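> Structure file work-v2.pdb (PDB, C-alpha atoms) is given on the next line.
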ATOM      1  CA  MET A  23       7.721 -32.423-102.291  1.00  0.00           C
ATOM      2  CA  ARG A  24       8.392 -28.742-101.707  1.00  0.00           C
ATOM      3  CA  ARG A  25      12.043 -27.830-101.613  1.00  0.00           C
ATOM      4  CA  LEU A  26      13.593 -24.816 -99.975  1.00  0.00           C
ATOM      5  CA  GLY A  27      12.991 -21.881-102.344  1.00  0.00           C
ATOM      6  CA  SER A  28      15.468 -19.082-102.974  1.00  0.00           C
ATOM      7  CA  LYS A  29      13.376 -16.490-101.144  1.00  0.00           C
ATOM      8  CA  THR A  30      13.040 -18.731 -98.095  1.00  0.00           C
ATOM      9  CA  ALA A  31      16.754 -19.610 -98.234  1.00  0.00           C
ATOM     10  CA  GLU A  32      17.661 -15.903 -98.225  1.00  0.00           C
ATOM     11  CA  ALA A  33      15.385 -15.292 -95.227  1.00  0.00           C
ATOM     12  CA  LYS A  34      16.909 -18.242 -93.344  1.00  0.00           C
ATOM     13  CA  SER A  35      20.439 -17.067 -94.197  1.00  0.00           C
ATOM     14  CA  THR A  36      19.688 -13.512 -92.996  1.00  0.00           C
ATOM     15  CA  HIS A  37      18.144 -14.894 -89.806  1.00  0.00           C
ATOM     16  CA  LEU A  38      21.198 -17.070 -89.188  1.00  0.00           C
ATOM     17  CA  ARG A  39      23.629 -14.157 -89.763  1.00  0.00           C
ATOM     18  CA  LYS A  40      21.647 -12.017 -87.308  1.00  0.00           C
ATOM     19  CA  TRP A  41      21.864 -14.682 -84.587  1.00  0.00           C
ATOM     20  CA  LYS A  42      25.583 -15.240 -85.228  1.00  0.00           C
ATOM     21  CA  PHE A  43      26.218 -11.503 -84.801  1.00  0.00           C
ATOM     22  CA  LEU A  44      24.116 -11.327 -81.612  1.00  0.00           C
ATOM     23  CA  LEU A  45      25.967 -14.303 -80.126  1.00  0.00           C
ATOM     24  CA  LEU A  46      29.352 -12.741 -80.872  1.00  0.00           C
ATOM     25  CA  LEU A  47      28.204  -9.388 -79.467  1.00  0.00           C
ATOM     26  CA  ALA A  48      26.984 -11.035 -76.243  1.00  0.00           C
ATOM     27  CA  LEU A  49      30.261 -12.897 -75.790  1.00  0.00           C
ATOM     28  CA  VAL A  50      32.339  -9.738 -76.338  1.00  0.00           C
ATOM     29  CA  ALA A  51      30.123  -7.795 -73.917  1.00  0.00           C
ATOM     30  CA  ALA A  52      30.492 -10.495 -71.249  1.00  0.00           C
ATOM     31  CA  TRP A  53      34.272 -10.440 -71.648  1.00  0.00           C
ATOM     32  CA  TRP A  54      34.391  -6.616 -71.523  1.00  0.00           C
ATOM     33  CA  ILE A  55      32.350  -6.515 -68.307  1.00  0.00           C
ATOM     34  CA  LYS A  56      34.682  -9.066 -66.750  1.00  0.00           C
ATOM     35  CA  VAL A  57      37.755  -7.074 -67.820  1.00  0.00           C
ATOM     36  CA  GLN A  58      36.323  -3.751 -66.533  1.00  0.00           C
ATOM     37  CA  SER A  59      35.669  -5.225 -63.091  1.00  0.00           C
ATOM     38  CA  LEU A  60      39.375  -6.056 -62.568  1.00  0.00           C
ATOM     39  CA  PRO A  61      41.883  -3.568 -61.043  1.00  0.00           C
ATOM     40  CA  MET A  62      44.484  -2.163 -63.467  1.00  0.00           C
ATOM     41  CA  LEU A  63      47.352  -4.253 -62.062  1.00  0.00           C
ATOM     42  CA  ALA A  64      45.338  -7.441 -62.268  1.00  0.00           C
ATOM     43  CA  LEU A  65      44.354  -6.531 -65.830  1.00  0.00           C
ATOM     44  CA  GLN A  66      47.906  -6.985 -67.079  1.00  0.00           C
ATOM     45  CA  GLU A  67      48.275 -10.315 -65.264  1.00  0.00           C
ATOM     46  CA  ARG A  68      44.892 -11.664 -66.329  1.00  0.00           C
ATOM     47  CA  LEU A  69      44.693 -10.403 -69.876  1.00  0.00           C
ATOM     48  CA  LEU A  70      45.975 -13.672 -71.271  1.00  0.00           C
ATOM     49  CA  ALA A  71      43.641 -15.692 -69.025  1.00  0.00           C
ATOM     50  CA  GLY A  72      40.698 -13.508 -70.056  1.00  0.00           C
ATOM     51  CA  LEU A  73      41.484 -13.914 -73.729  1.00  0.00           C
ATOM     52  CA  SER A  74      41.738 -17.687 -73.419  1.00  0.00           C
ATOM     53  CA  TYR A  75      38.477 -17.707 -71.423  1.00  0.00           C
ATOM     54  CA  LEU A  76      36.748 -15.654 -74.115  1.00  0.00           C
ATOM     55  CA  TYR A  77      38.176 -17.802 -76.869  1.00  0.00           C
ATOM     56  CA  SER A  78      37.035 -21.067 -75.268  1.00  0.00           C
ATOM     57  CA  LEU A  79      33.609 -19.616 -74.460  1.00  0.00           C
ATOM     58  CA  LEU A  80      33.270 -18.340 -78.005  1.00  0.00           C
ATOM     59  CA  LEU A  81      34.266 -21.699 -79.480  1.00  0.00           C
ATOM     60  CA  VAL A  82      31.882 -23.728 -77.341  1.00  0.00           C
ATOM     61  CA  GLY A  83      28.955 -21.336 -77.809  1.00  0.00           C
ATOM     62  CA  ALA A  84      29.507 -20.995 -81.535  1.00  0.00           C
ATOM     63  CA  ALA A  85      29.918 -24.745 -82.026  1.00  0.00           C
ATOM     64  CA  VAL A  86      26.674 -25.526 -80.219  1.00  0.00           C
ATOM     65  CA  PHE A  87      24.790 -22.752 -82.013  1.00  0.00           C
ATOM     66  CA  PHE A  88      26.075 -23.540 -85.517  1.00  0.00           C
ATOM     67  CA  PHE A  89      25.585 -27.283 -85.083  1.00  0.00           C
ATOM     68  CA  ALA A  90      21.953 -26.798 -84.044  1.00  0.00           C
ATOM     69  CA  GLN A  91      21.223 -24.260 -86.772  1.00  0.00           C
ATOM     70  CA  GLY A  92      22.973 -26.332 -89.440  1.00  0.00           C
ATOM     71  CA  ARG A  93      20.931 -29.420 -88.579  1.00  0.00           C
ATOM     72  CA  ARG A  94      17.727 -27.393 -88.627  1.00  0.00           C
ATOM     73  CA  LEU A  95      18.510 -25.848 -92.029  1.00  0.00           C
ATOM     74  CA  ARG A  96      19.442 -29.239 -93.507  1.00  0.00           C
ATOM     75  CA  SER A  97      16.194 -30.723 -92.180  1.00  0.00           C
ATOM     76  CA  TYR A  98      14.226 -27.791 -93.566  1.00  0.00           C
ATOM     77  CA  ALA A  99      15.856 -28.186 -96.987  1.00  0.00           C
ATOM     78  CA  ALA A 100      15.069 -31.908 -96.980  1.00  0.00           C
ATOM     79  CA  GLY A 101      11.390 -31.161 -96.325  1.00  0.00           C
ATOM     80  CA  GLU A 102      11.371 -32.722 -92.854  1.00  0.00           C
ATOM     81  CA  ILE A 103      10.296 -29.508 -91.135  1.00  0.00           C
ATOM     82  CA  GLN A 104       7.040 -27.901 -92.179  1.00  0.00           C
ATOM     83  CA  GLU A 105       6.697 -24.186 -92.761  1.00  0.00           C
ATOM     84  CA  THR A 106       3.379 -24.100 -90.941  1.00  0.00           C
ATOM     85  CA  ALA A 107       1.888 -26.580 -88.534  1.00  0.00           C
ATOM     86  CA  VAL A 108      -0.702 -28.615 -90.380  1.00  0.00           C
ATOM     87  CA  GLY A 109      -3.097 -30.933 -88.593  1.00  0.00           C
ATOM     88  CA  TRP A 110      -4.788 -33.874 -90.297  1.00  0.00           C
ATOM     89  CA  ARG A 111      -7.874 -35.647 -89.001  1.00  0.00           C
ATOM     90  CA  PHE A 112      -8.973 -39.154 -89.951  1.00  0.00           C
ATOM     91  CA  ILE A 113     -12.001 -41.342 -89.357  1.00  0.00           C
ATOM     92  CA  LEU A 114     -11.507 -45.092 -88.882  1.00  0.00           C
ATOM     93  CA  GLU A 115     -14.649 -47.001 -89.845  1.00  0.00           C
ATOM     94  CA  GLU A 116     -15.141 -50.685 -89.038  1.00  0.00           C
ATOM     95  CA  PRO A 117     -18.308 -52.781 -89.422  1.00  0.00           C
ATOM     96  CA  SER A 118     -18.284 -53.952 -85.805  1.00  0.00           C
ATOM     97  CA  ARG A 119     -17.558 -50.586 -84.126  1.00  0.00           C
ATOM     98  CA  ALA A 120     -18.621 -46.972 -84.169  1.00  0.00           C
ATOM     99  CA  PRO A 121     -16.418 -44.633 -86.273  1.00  0.00           C
ATOM    100  CA  ARG A 122     -13.324 -43.467 -84.374  1.00  0.00           C
ATOM    101  CA  PRO A 123     -11.499 -40.185 -84.999  1.00  0.00           C
ATOM    102  CA  ALA A 124      -7.701 -39.885 -85.111  1.00  0.00           C
ATOM    103  CA  SER A 125      -5.369 -36.971 -85.772  1.00  0.00           C
ATOM    104  CA  LEU A 126      -1.808 -36.340 -86.905  1.00  0.00           C
ATOM    105  CA  SER A 127       0.003 -32.994 -86.737  1.00  0.00           C
ATOM    106  CA  GLY A 128       3.482 -34.128 -87.697  1.00  0.00           C
ATOM    107  CA  GLY A 129       5.682 -37.158 -87.731  1.00  0.00           C
ATOM    108  CA  GLU A 130       3.993 -40.437 -88.467  1.00  0.00           C
ATOM    109  CA  MET A 131       1.238 -42.762 -87.337  1.00  0.00           C
ATOM    110  CA  LEU A 132       1.504 -46.549 -87.472  1.00  0.00           C
ATOM    111  CA  VAL A 133      -1.706 -48.363 -88.463  1.00  0.00           C
ATOM    112  CA  GLY A 134      -2.158 -52.011 -87.570  1.00  0.00           C
ATOM    113  CA  ARG A 135      -3.013 -54.507 -84.822  1.00  0.00           C
ATOM    114  CA  ASP A 136       0.387 -54.055 -83.105  1.00  0.00           C
ATOM    115  CA  GLU A 137       0.469 -52.644 -79.559  1.00  0.00           C
ATOM    116  CA  GLN A 138       2.660 -49.745 -80.760  1.00  0.00           C
ATOM    117  CA  ALA A 139       0.201 -48.695 -83.479  1.00  0.00           C
ATOM    118  CA  ARG A 140      -1.625 -45.415 -82.848  1.00  0.00           C
ATOM    119  CA  LEU A 141      -4.585 -46.535 -84.953  1.00  0.00           C
ATOM    120  CA  ARG A 142      -5.587 -50.166 -84.246  1.00  0.00           C
ATOM    121  CA  PRO A 143      -8.426 -51.625 -86.327  1.00  0.00           C
ATOM    122  CA  ASP A 144     -10.047 -54.764 -84.908  1.00  0.00           C
ATOM    123  CA  ASP A 145     -10.068 -56.733 -88.151  1.00  0.00           C
ATOM    124  CA  PRO A 146      -8.207 -60.010 -88.853  1.00  0.00           C
ATOM    125  CA  ARG A 147      -7.471 -58.850 -92.441  1.00  0.00           C
ATOM    126  CA  VAL A 148      -5.312 -56.007 -91.045  1.00  0.00           C
ATOM    127  CA  SER A 149      -1.665 -56.902 -90.395  1.00  0.00           C
ATOM    128  CA  ARG A 150       0.132 -56.094 -87.146  1.00  0.00           C
ATOM    129  CA  ARG A 151       2.200 -53.434 -88.918  1.00  0.00           C
ATOM    130  CA  HIS A 152      -0.086 -52.726 -91.863  1.00  0.00           C
ATOM    131  CA  CYS A 153       0.820 -49.225 -93.071  1.00  0.00           C
ATOM    132  CA  ARG A 154       2.103 -45.892 -91.882  1.00  0.00           C
ATOM    133  CA  ILE A 155       0.637 -42.459 -92.493  1.00  0.00           C
ATOM    134  CA  PHE A 156       3.106 -39.589 -92.289  1.00  0.00           C
ATOM    135  CA  VAL A 157       3.567 -35.892 -93.015  1.00  0.00           C
ATOM    136  CA  LYS A 158       6.548 -34.734 -95.077  1.00  0.00           C
ATOM    137  CA  GLY A 159       6.993 -31.261 -96.501  1.00  0.00           C
ATOM    138  CA  GLY A 160       3.500 -30.270 -95.386  1.00  0.00           C
ATOM    139  CA  ARG A 161       1.913 -33.092 -97.410  1.00  0.00           C
ATOM    140  CA  LEU A 162       0.318 -36.324 -96.241  1.00  0.00           C
ATOM    141  CA  PHE A 163       1.549 -39.740 -97.420  1.00  0.00           C
ATOM    142  CA  VAL A 164       0.697 -43.411 -96.828  1.00  0.00           C
ATOM    143  CA  GLN A 165       3.115 -46.324 -97.164  1.00  0.00           C
ATOM    144  CA  ASP A 166       2.175 -50.005 -97.047  1.00  0.00           C
ATOM    145  CA  LEU A 167       4.554 -51.913 -94.772  1.00  0.00           C
ATOM    146  CA  GLY A 168       4.326 -55.249 -96.586  1.00  0.00           C
ATOM    147  CA  SER A 169       0.884 -56.169 -95.281  1.00  0.00           C
ATOM    148  CA  ALA A 170      -0.559 -59.550 -96.315  1.00  0.00           C
ATOM    149  CA  ASN A 171      -3.889 -58.231 -97.655  1.00  0.00           C
ATOM    150  CA  GLY A 172      -2.689 -54.827 -98.811  1.00  0.00           C
ATOM    151  CA  THR A 173      -3.561 -51.176 -98.464  1.00  0.00           C
ATOM    152  CA  TRP A 174      -5.888 -49.895-101.177  1.00  0.00           C
ATOM    153  CA  LEU A 175      -6.296 -46.307-102.398  1.00  0.00           C
ATOM    154  CA  GLN A 176      -8.737 -45.341-105.150  1.00  0.00           C
ATOM    155  CA  GLY A 177      -9.233 -48.951-106.216  1.00  0.00           C
ATOM    156  CA  ARG A 178      -5.567 -49.872-106.543  1.00  0.00           C
ATOM    157  CA  ARG A 179      -3.270 -51.753-104.221  1.00  0.00           C
ATOM    158  CA  LEU A 180      -0.314 -49.733-102.973  1.00  0.00           C
ATOM    159  CA  GLY A 181       3.238 -51.012-103.267  1.00  0.00           C
ATOM    160  CA  ARG A 182       6.127 -50.252-100.920  1.00  0.00           C
ATOM    161  CA  ASP A 183       6.535 -46.691-102.248  1.00  0.00           C
ATOM    162  CA  PRO A 184       4.738 -43.883-100.389  1.00  0.00           C
ATOM    163  CA  ALA A 185       1.599 -42.507-102.052  1.00  0.00           C
ATOM    164  CA  ALA A 186       0.359 -38.932-101.584  1.00  0.00           C
ATOM    165  CA  LEU A 187      -3.010 -38.458 -99.887  1.00  0.00           C
ATOM    166  CA  THR A 188      -5.463 -35.600-100.251  1.00  0.00           C
ATOM    167  CA  LEU A 189      -8.528 -34.493 -98.380  1.00  0.00           C
ATOM    168  CA  GLY A 190     -11.419 -36.905 -98.924  1.00  0.00           C
ATOM    169  CA  ASP A 191      -9.281 -39.930 -99.901  1.00  0.00           C
ATOM    170  CA  VAL A 192     -10.392 -43.281 -98.496  1.00  0.00           C
ATOM    171  CA  LEU A 193      -7.896 -46.015 -97.594  1.00  0.00           C
ATOM    172  CA  PHE A 194      -9.187 -49.602 -97.486  1.00  0.00           C
ATOM    173  CA  LEU A 195      -7.204 -51.956 -95.256  1.00  0.00           C
ATOM    174  CA  GLY A 196      -7.216 -55.661 -96.090  1.00  0.00           C
ATOM    175  CA  GLY A 197      -9.013 -55.509 -99.447  1.00  0.00           C
ATOM    176  CA  PRO A 198     -10.337 -53.153-102.148  1.00  0.00           C
ATOM    177  CA  GLN A 199     -13.820 -52.934-100.605  1.00  0.00           C
ATOM    178  CA  SER A 200     -13.204 -54.382 -97.145  1.00  0.00           C
ATOM    179  CA  GLY A 201     -15.139 -53.201 -94.144  1.00  0.00           C
ATOM    180  CA  CYS A 202     -12.168 -51.429 -92.562  1.00  0.00           C
ATOM    181  CA  ARG A 203     -11.432 -48.010 -94.015  1.00  0.00           C
ATOM    182  CA  ILE A 204      -9.734 -44.726 -93.093  1.00  0.00           C
ATOM    183  CA  THR A 205     -11.121 -41.483 -94.498  1.00  0.00           C
ATOM    184  CA  ILE A 206      -8.960 -38.355 -94.674  1.00  0.00           C
ATOM    185  CA  ALA A 207     -11.528 -36.030 -93.113  1.00  0.00           C
ATOM    186  CA  GLU A 208      -9.963 -32.649 -92.433  1.00  0.00           C
ATOM    187  CA  ARG A 209      -6.854 -30.530 -92.794  1.00  0.00           C
ATOM    188  CA  SER A 210      -6.317 -27.480 -90.664  1.00  0.00           C
ATOM    189  CA  ASN A 211      -3.545 -24.871 -90.413  1.00  0.00           C
ATOM    190  CA  ARG A 212      -2.797 -23.899 -86.837  1.00  0.00           C
TER     191      ARG A 212
END
Please render this file's structure as structure tokens.

Amino acid sequence: MRRLGSKTAEAKSTHLRKWKFLLLLALVAAWWIKVQSLPMLALQERLLAGLSYLYSLLLVGAAVFFFAQGRRLRSYAAGEIQETAVGWRFILEEPSRAPRPASLSGGEMLVGRDEQARLRPDDPRVSRRHCRIFVKGGRLFVQDLGSANGTWLQGRRLGRDPAALTLGDVLFLGGPQSGCRITIAERSNR
């Protein structure tokens, strides 16, 4: 799993400082325009109101901005956000049907006979919630979800821990050489 490197962290930190400064500058400019539009007598009476307005606006804007940026940076550091969009293409092959393509560009894909599954093989050896294929840190993984007949990769049955997938890997669902298989066909950077 690729962690946030020092060079990338410095770039993110510089980007964040730039946006913080621009937000503060915009808030000060908005307050100054409001103050300049008031007559001089009203300025003395409304100075306190203007300052409290600016302060509350600054607090709300900064809180929303920093909360969103902080969550994004934490997600990036945890490897949940990819640096570049990567698309993966699969081919589901079953003995009774023509090969079917599927794709995944982020997140995860449930494989099984369940209605919520994005990839549904028509094979009784495949469980309702058989396995999930997901992208994390720009890499592709598969995780067996406790299926009865197992998910097989390179001749071995997978446990509950996620296993990394590479281009050309073949997953067998329901047995080591069963008729239902998923081939990792293509990876593309968009």
> Running the PyMOL selection byres ((chain A and resi 175) around 12) on this model by hand, what would come out? Give it as a VMD selection string.
chain A and resid 163 to 166 172 to 174 176 to 181 184 to 188 190 to 200 203 to 206
> Between A:Arg142, A:Arg161, A:Arg135, A:Arg182, which is the closest to Gly109 of chain A once you count only C-alpha atoms?
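Distance minimum relative to Gly109 of chain A lands on A:Arg161.
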> Selected by the PyMOL selection byres ((chain A and resi 133) around 7) in the shown coordinates: which residues, as a PyMOL selection string?
chain A and resi 131-132+134+139-142+151-154
> For the structure shown, which residues end up in the PyMOL selection byres ((chain A and resi 157) around 6)? Put them as a PyMOL selection string, please?
chain A and resi 128-129+156+158+161-162
> Which distance in Å separates atom CA of Ala170 of chain A and atom CA of Pro123 of chain A, to one decimal?
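Answer for the atom CA of Ala170 of chain A to atom CA of Pro123 of chain A separation: 25.0 Å.
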> Distance atom CA of Cys202 of chain A-atom CA of Glu115 of chain A, one decimal place?
5.8 Å
> Out of A:Glu208, A:Ser149, A:Leu38, A:Gly159, which residue has the shortest atom-to-atom distance to Ala124 of chain A when counting all atoms listed in the file?
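Looking at the shortest contact to Ala124 of chain A, the residue is A:Glu208.
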> Excluding same-chain residues fewer than 5 positions from Trp110 of chain A, what lies within 8 Å of it counting only C-alpha atoms, as a VMD selection string?
chain A and resid 125 to 127 206 to 210
> In Å to one decimal, how far is atom CA of Pro146 of chain A from atom CA of Asp183 of chain A?
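So the two atoms, atom CA of Asp183 of chain A and atom CA of Pro146 of chain A, lie 24.0 Å apart.
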> If you take every atom of segment 107-120 of chain A that the file lists and fit an axis-aligned box around them with 5 Å extra on each side, what centre and edge lengths come out in Å to one decimal, as AutoDock Vina command-line options?

--center_x -8.4 --center_y -40.3 --center_z -87.3 --size_x 30.5 --size_y 37.4 --size_z 16.3
